[in-house]
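Source file: final-v5.csv; contents: CSV, C-alpha atoms.
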chain,number,residue,atom,x,y,z
A,27,MET,CA,91.4,65.3,98.9
A,28,ILE,CA,91.4,68.3,101.2
A,29,GLY,CA,94.6,70.2,101.3
A,30,SER,CA,96.1,68.7,98.2
A,31,ARG,CA,98.5,71.0,96.3
A,32,ASN,CA,96.4,70.8,93.2
A,33,GLU,CA,93.3,72.0,94.9
A,34,THR,CA,92.6,75.8,94.9
A,35,ALA,CA,91.8,77.7,98.1
A,36,THR,CA,88.3,78.4,96.8
A,37,GLN,CA,87.7,74.6,96.5
A,38,ARG,CA,88.9,74.0,100.1
A,39,MET,CA,86.4,76.5,101.4
A,40,THR,CA,83.5,74.4,102.8
A,41,ALA,CA,81.8,76.6,105.3
A,42,PRO,CA,80.4,80.1,104.4
A,43,VAL,CA,83.1,82.6,105.1
A,44,ASN,CA,83.1,86.4,105.0
A,45,PRO,CA,84.2,87.2,101.4
A,46,ILE,CA,86.4,90.0,102.6
A,47,GLN,CA,88.1,87.8,105.1
A,48,HIS,CA,88.4,85.1,102.5
A,49,SER,CA,90.0,87.5,100.0
A,50,PHE,CA,92.7,88.4,102.6
A,51,GLU,CA,93.2,84.7,103.3
A,52,LEU,CA,93.7,84.0,99.5
A,53,ALA,CA,96.2,86.9,99.3
A,54,ALA,CA,98.1,85.5,102.3
A,55,GLU,CA,98.4,82.1,100.6
A,56,ARG,CA,100.2,83.8,97.8
A,57,GLY,CA,102.8,85.0,100.3
A,58,GLU,CA,103.1,88.5,98.9
A,59,ASP,CA,103.7,91.5,101.2
A,60,LEU,CA,100.8,93.8,100.5
A,61,THR,CA,102.5,96.9,101.9
A,62,PRO,CA,104.7,97.8,99.0
A,63,LEU,CA,102.0,96.9,96.5
A,64,VAL,CA,99.4,99.1,98.2
A,65,TYR,CA,101.7,102.0,98.7
A,66,ASP,CA,103.1,101.8,95.1
A,67,ARG,CA,99.5,102.0,93.8
A,68,LEU,CA,98.6,104.8,96.3
A,69,PHE,CA,101.6,106.9,95.2
A,70,ARG,CA,101.0,106.2,91.5
A,71,GLU,CA,97.3,107.0,91.7
A,72,HIS,CA,97.6,109.9,94.2
A,73,PRO,CA,101.1,111.3,93.9
A,74,GLU,CA,100.3,114.0,96.4
A,75,THR,CA,100.3,111.3,99.2
A,76,GLN,CA,104.0,110.5,98.9
A,77,ALA,CA,104.9,113.8,100.6
A,78,MET,CA,102.7,112.9,103.5
A,79,PHE,CA,105.1,110.1,104.6
A,80,ARG,CA,108.4,110.9,106.2
A,81,SER,CA,111.4,109.1,104.6
A,82,ASP,CA,113.1,107.8,107.8
A,83,GLY,CA,111.3,104.7,109.1
A,84,SER,CA,108.4,105.1,106.7
A,85,GLU,CA,108.4,101.4,105.7
A,86,LEU,CA,107.5,100.5,109.4
A,87,VAL,CA,104.9,103.2,109.5
A,88,ARG,CA,103.3,102.1,106.3
A,89,GLY,CA,103.3,98.5,107.3
A,90,SER,CA,101.7,99.3,110.7
A,91,MET,CA,99.2,101.7,109.1
A,92,LEU,CA,98.2,99.0,106.6
A,93,ALA,CA,97.9,96.3,109.2
A,94,GLN,CA,95.7,98.4,111.4
A,95,THR,CA,93.6,99.4,108.4
A,96,ILE,CA,93.1,95.8,107.4
A,97,GLU,CA,92.1,94.8,111.0
A,98,ALA,CA,89.6,97.6,111.0
A,99,MET,CA,88.2,96.7,107.6
A,100,LEU,CA,87.9,93.0,108.6
A,101,ASP,CA,86.0,94.0,111.8
A,102,PHE,CA,83.8,96.4,109.8
A,103,ALA,CA,83.0,93.7,107.3
A,104,GLY,CA,82.4,91.1,110.0
A,105,GLU,CA,81.6,91.1,113.7
A,106,ARG,CA,81.9,94.9,114.3
A,107,SER,CA,83.4,94.2,117.7
A,108,GLY,CA,84.8,97.7,117.9
A,109,ARG,CA,88.1,97.7,116.1
A,110,PHE,CA,86.4,99.2,113.1
A,111,ARG,CA,86.0,102.4,115.2
A,112,MET,CA,89.7,103.1,114.4
A,113,ILE,CA,88.5,104.3,111.0
A,114,GLU,CA,86.5,107.1,112.6
A,115,CYS,CA,89.3,108.0,114.9
A,116,GLU,CA,91.8,108.1,112.0
A,117,VAL,CA,89.4,110.3,109.9
A,118,GLN,CA,89.6,112.9,112.6
A,119,SER,CA,93.3,112.4,113.1
A,120,HIS,CA,93.9,112.8,109.4
A,121,ASP,CA,91.7,115.9,109.5
A,122,GLY,CA,94.3,117.3,111.8
A,123,TYR,CA,97.1,116.4,109.3
A,124,GLY,CA,95.2,118.3,106.6
A,125,THR,CA,94.2,115.2,104.6
A,126,SER,CA,90.9,115.6,102.9
A,127,ARG,CA,88.2,113.1,103.7
A,128,GLU,CA,88.0,112.2,100.1
A,129,LEU,CA,91.6,111.4,99.9
A,130,PHE,CA,91.5,109.5,103.2
A,131,GLY,CA,88.6,107.3,101.8
A,132,LYS,CA,90.6,106.6,98.6
A,133,PHE,CA,93.1,104.5,100.6
A,134,PHE,CA,90.4,101.8,101.1
A,135,GLY,CA,89.8,101.7,97.3
A,136,VAL,CA,93.5,101.4,96.7
A,137,ILE,CA,93.6,98.4,99.0
A,138,ALA,CA,90.6,96.8,97.2
A,139,ALA,CA,92.3,97.4,93.8
A,140,THR,CA,95.5,95.9,95.0
A,141,MET,CA,93.7,92.8,96.4
A,142,ARG,CA,91.9,92.4,93.1
A,143,GLU,CA,95.2,92.4,91.3
A,144,VAL,CA,96.8,90.0,93.7
A,145,LEU,CA,93.9,87.5,93.6
A,146,GLY,CA,93.6,87.5,89.8
A,147,ASN,CA,91.2,84.7,88.8
A,148,ASP,CA,90.3,84.1,92.4
A,149,TRP,CA,88.6,87.5,92.5
A,150,SER,CA,85.0,86.1,92.3
A,151,PRO,CA,81.8,87.9,91.7
A,152,GLU,CA,80.9,87.3,95.4
A,153,ILE,CA,84.2,88.8,96.6
A,154,ASP,CA,83.7,91.8,94.2
A,155,ALA,CA,80.2,92.4,95.5
A,156,ALA,CA,81.4,92.2,99.1
A,157,TRP,CA,84.2,94.7,98.5
A,158,ARG,CA,81.9,97.1,96.7
A,159,LYS,CA,79.5,97.0,99.6
A,160,LEU,CA,82.3,97.4,102.1
A,161,LEU,CA,83.8,100.4,100.3
A,162,GLY,CA,80.3,102.0,100.1
A,163,GLU,CA,79.8,101.6,103.8
A,164,ILE,CA,83.3,102.9,104.6
A,165,ASP,CA,82.6,106.0,102.4
A,166,ARG,CA,79.4,106.6,104.4
A,167,LEU,CA,81.3,106.2,107.7
A,168,VAL,CA,84.0,108.6,106.6
A,169,ALA,CA,81.5,111.2,105.4
A,170,SER,CA,79.4,111.0,108.5
A,171,SER,CA,82.3,111.1,111.0
A,172,GLN,CA,82.1,114.2,113.2
A,173,PRO,CA,84.8,116.7,112.5
A,174,GLN,CA,87.0,117.7,115.4
A,175,ILE,CA,85.8,120.6,117.4
A,176,GLU,CA,88.5,123.2,117.8
A,177,ALA,CA,88.7,124.9,121.2
Written as structure tokens, that's how I'd like the structure from this file.
Amino acid sequence: MIGSRNETATQRMTAPVNPIQHSFELAAERGEDLTPLVYDRLFREHPETQAMFRSDGSELVRGSMLAQTIEAMLDFAGERSGRFRMIECEVQSHDGYGTSRELFGKFFGVIAATMREVLGNDWSPEIDAAWRKLLGEIDRLVASSQPQIEA
């Protein structure tokens, strides 16, 4: 029976869905706020990033930054309607902040690792392959983004 409480989200999936989108849907079903999980992991794995965030109002900034990043990732993994271009814009913006491109790119891997942890047994080989592909494509996009030209 569709929608029964004993049925997993994976079993309810009848039409082919983008695995990246599906992973975020599964995470949303768990009701966890990804923001503290992602930033705790970021600060644990890359302690130098903590100093990059102001203390006043940083929770709002972090939540907004993560939401925009997820929207861009979903677009990049799906339709590519243009929202993914935010990644290129933010590469250049972060260049101005002095953030290395390598460190900038690591944020996407932190999101993936957090998603894997949140999904647990629902992190399927299909989802894993899609995330690996997406992260590789984002790495190439970040590396190929044109640096800002200083006047």
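Counting only C-alpha atoms and comparing A:Trp157, A:Glu74, A:Arg166, A:Pro62, the residue that lies closest to A:Leu86 is A:Pro62.
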Considering only C-alpha atoms, give me a table of residues in stretch 65-86 of chain A that are at most 12 Å from stretch 120-141 of chain A, with the closest atom pair and distance in Å for each, as a Markdown table.
| residue | atom | partner | partner_atom | distance |
| --- | --- | --- | --- | --- |
| A:Tyr65 | CA | A:Val136 | CA | 8.5 |
| A:Asp66 | CA | A:Thr140 | CA | 9.6 |
| A:Arg67 | CA | A:Val136 | CA | 6.7 |
| A:Leu68 | CA | A:Val136 | CA | 6.1 |
| A:Phe69 | CA | A:Val136 | CA | 9.9 |
| A:Arg70 | CA | A:Val136 | CA | 10.3 |
| A:Glu71 | CA | A:Val136 | CA | 8.4 |
| A:His72 | CA | A:Leu129 | CA | 8.4 |
| A:Pro73 | CA | A:Leu129 | CA | 11.2 |
| A:Glu74 | CA | A:Leu129 | CA | 9.7 |
| A:Thr75 | CA | A:Leu129 | CA | 8.7 |
| A:Ala77 | CA | A:Thr125 | CA | 11.5 |
| A:Met78 | CA | A:Tyr123 | CA | 8.8 |
| A:Phe79 | CA | A:Tyr123 | CA | 11.2 |
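Shortest atom-to-atom contact with A:Leu52 among A:Val144, A:Leu161, A:Ala155, A:Ala98: A:Val144, counting all atoms listed in the file.
We find atom CA of A:Ala156 and atom CA of A:Ile46 to be spaced 6.5 Å apart.
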Atomic separation - atom CA of A:Glu163 relative to atom CA of A:Ala54, Å: 24.4 Å
Contacts of A:Thr95 at 10 Å (all atoms listed in the file; same-chain gap of 5+ positions) as a ChimeraX atom specification: /A:89-90,100-101,109-110,112-113,116,133-134,137
Two-atom distance - atom CA of A:Arg142, atom CA of A:Val168 (Å): 22.5 Å
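Distances from A:Leu167, A:Val117, A:Gly104, A:Trp149 to A:Val43 were compared using all atoms listed in the file, and the smallest one belongs to A:Gly104.
The smallest atom-to-atom distance between A:Asn44 and any of A:Glu97, A:Ile153, A:Arg158, A:Met91, using all atoms listed in the file, is found for A:Ile153.
Checking A:Thr61, A:Ile96, A:Glu114, A:Leu145 one by one against A:Ser170, counting all atoms listed in the file, you find the shortest gap at A:Glu114.
Ranking A:Ala103, A:Val64, A:Cys115, A:Ala53 by their shortest atom-to-atom distance to A:Lys159, with all atoms listed in the file included, puts A:Ala103 first.
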Padding 4 Å on each side, edges along x, y and z: where is the centre of the box around the listed atoms of stretch 125-139 of chain A, and how long are its edges in Å to one decimal? Output it as AutoDock Vina command-line options.
--center_x 91.1 --center_y 106.2 --center_z 99.2 --size_x 14.2 --size_y 26.8 --size_z 18.8
Atoms added to stretch 116-142 of chain A (N, CA and C atoms), reported as a PDB file, in the frame of the given file:
ATOM      1  N   GLU A 116      90.745 107.686 112.933  1.00  0.00           N
ATOM      2  CA  GLU A 116      91.800 108.100 112.000  1.00  0.00           C
ATOM      3  C   GLU A 116      91.255 109.155 111.003  1.00  0.00           C
ATOM      4  N   VAL A 117      89.962 109.169 110.727  1.00  0.00           N
ATOM      5  CA  VAL A 117      89.400 110.300 109.900  1.00  0.00           C
ATOM      6  C   VAL A 117      89.690 111.571 110.607  1.00  0.00           C
ATOM      7  N   GLN A 118      89.395 111.619 111.891  1.00  0.00           N
ATOM      8  CA  GLN A 118      89.600 112.900 112.600  1.00  0.00           C
ATOM      9  C   GLN A 118      91.096 113.174 112.780  1.00  0.00           C
ATOM     10  N   SER A 119      91.901 112.156 113.016  1.00  0.00           N
ATOM     11  CA  SER A 119      93.300 112.400 113.100  1.00  0.00           C
ATOM     12  C   SER A 119      93.886 112.929 111.797  1.00  0.00           C
ATOM     13  N   HIS A 120      93.443 112.361 110.687  1.00  0.00           N
ATOM     14  CA  HIS A 120      93.900 112.800 109.400  1.00  0.00           C
ATOM     15  C   HIS A 120      93.343 114.205 109.035  1.00  0.00           C
ATOM     16  N   ASP A 121      92.174 114.533 109.594  1.00  0.00           N
ATOM     17  CA  ASP A 121      91.700 115.900 109.500  1.00  0.00           C
ATOM     18  C   ASP A 121      92.734 116.869 109.996  1.00  0.00           C
ATOM     19  N   GLY A 122      93.300 116.514 111.148  1.00  0.00           N
ATOM     20  CA  GLY A 122      94.300 117.300 111.800  1.00  0.00           C
ATOM     21  C   GLY A 122      95.599 117.445 110.961  1.00  0.00           C
ATOM     22  N   TYR A 123      95.880 116.402 110.157  1.00  0.00           N
ATOM     23  CA  TYR A 123      97.100 116.400 109.300  1.00  0.00           C
ATOM     24  C   TYR A 123      96.807 117.224 108.014  1.00  0.00           C
ATOM     25  N   GLY A 124      95.532 117.600 107.794  1.00  0.00           N
ATOM     26  CA  GLY A 124      95.200 118.300 106.600  1.00  0.00           C
ATOM     27  C   GLY A 124      94.828 117.407 105.418  1.00  0.00           C
ATOM     28  N   THR A 125      94.609 116.129 105.695  1.00  0.00           N
ATOM     29  CA  THR A 125      94.200 115.200 104.600  1.00  0.00           C
ATOM     30  C   THR A 125      92.724 115.296 104.420  1.00  0.00           C
ATOM     31  N   SER A 126      92.345 115.501 103.178  1.00  0.00           N
ATOM     32  CA  SER A 126      90.900 115.600 102.900  1.00  0.00           C
ATOM     33  C   SER A 126      90.240 114.257 103.149  1.00  0.00           C
ATOM     34  N   ARG A 127      88.976 114.317 103.493  1.00  0.00           N
ATOM     35  CA  ARG A 127      88.200 113.100 103.700  1.00  0.00           C
ATOM     36  C   ARG A 127      88.116 112.260 102.449  1.00  0.00           C
ATOM     37  N   GLU A 128      88.016 112.931 101.340  1.00  0.00           N
ATOM     38  CA  GLU A 128      88.000 112.200 100.100  1.00  0.00           C
ATOM     39  C   GLU A 128      89.233 111.418  99.836  1.00  0.00           C
ATOM     40  N   LEU A 129      90.369 112.049 100.057  1.00  0.00           N
ATOM     41  CA  LEU A 129      91.600 111.400  99.900  1.00  0.00           C
ATOM     42  C   LEU A 129      91.802 110.246 100.922  1.00  0.00           C
ATOM     43  N   PHE A 130      91.404 110.512 102.157  1.00  0.00           N
ATOM     44  CA  PHE A 130      91.500 109.500 103.200  1.00  0.00           C
ATOM     45  C   PHE A 130      90.680 108.254 102.761  1.00  0.00           C
ATOM     46  N   GLY A 131      89.482 108.449 102.236  1.00  0.00           N
ATOM     47  CA  GLY A 131      88.600 107.300 101.800  1.00  0.00           C
ATOM     48  C   GLY A 131      89.209 106.580 100.614  1.00  0.00           C
ATOM     49  N   LYS A 132      89.979 107.249  99.793  1.00  0.00           N
ATOM     50  CA  LYS A 132      90.600 106.600  98.600  1.00  0.00           C
ATOM     51  C   LYS A 132      91.515 105.471  98.980  1.00  0.00           C
ATOM     52  N   PHE A 133      92.117 105.558 100.163  1.00  0.00           N
ATOM     53  CA  PHE A 133      93.100 104.500 100.600  1.00  0.00           C
ATOM     54  C   PHE A 133      92.415 103.150 100.620  1.00  0.00           C
ATOM     55  N   PHE A 134      91.158 103.087 101.017  1.00  0.00           N
ATOM     56  CA  PHE A 134      90.400 101.800 101.100  1.00  0.00           C
ATOM     57  C   PHE A 134      90.229 101.244  99.680  1.00  0.00           C
ATOM     58  N   GLY A 135      89.939 102.115  98.727  1.00  0.00           N
ATOM     59  CA  GLY A 135      89.800 101.700  97.300  1.00  0.00           C
ATOM     60  C   GLY A 135      91.100 101.196  96.749  1.00  0.00           C
ATOM     61  N   VAL A 136      92.195 101.820  97.156  1.00  0.00           N
ATOM     62  CA  VAL A 136      93.500 101.400  96.700  1.00  0.00           C
ATOM     63  C   VAL A 136      93.800  99.968  97.233  1.00  0.00           C
ATOM     64  N   ILE A 137      93.424  99.715  98.482  1.00  0.00           N
ATOM     65  CA  ILE A 137      93.600  98.400  99.000  1.00  0.00           C
ATOM     66  C   ILE A 137      92.775  97.369  98.240  1.00  0.00           C
ATOM     67  N   ALA A 138      91.517  97.705  97.949  1.00  0.00           N
ATOM     68  CA  ALA A 138      90.600  96.800  97.200  1.00  0.00           C
ATOM     69  C   ALA A 138      91.229  96.527  95.789  1.00  0.00           C
ATOM     70  N   ALA A 139      91.691  97.562  95.111  1.00  0.00           N
ATOM     71  CA  ALA A 139      92.300  97.400  93.800  1.00  0.00           C
ATOM     72  C   ALA A 139      93.518  96.514  93.816  1.00  0.00           C
ATOM     73  N   THR A 140      94.308  96.683  94.855  1.00  0.00           N
ATOM     74  CA  THR A 140      95.500  95.900  95.000  1.00  0.00           C
ATOM     75  C   THR A 140      95.125  94.414  95.262  1.00  0.00           C
ATOM     76  N   MET A 141      94.129  94.209  96.110  1.00  0.00           N
ATOM     77  CA  MET A 141      93.700  92.800  96.400  1.00  0.00           C
ATOM     78  C   MET A 141      93.148  92.188  95.107  1.00  0.00           C
ATOM     79  N   ARG A 142      92.418  92.931  94.322  1.00  0.00           N
ATOM     80  CA  ARG A 142      91.900  92.400  93.100  1.00  0.00           C
ATOM     81  C   ARG A 142      93.033  91.936  92.152  1.00  0.00           C
TER      82      ARG A 142
END
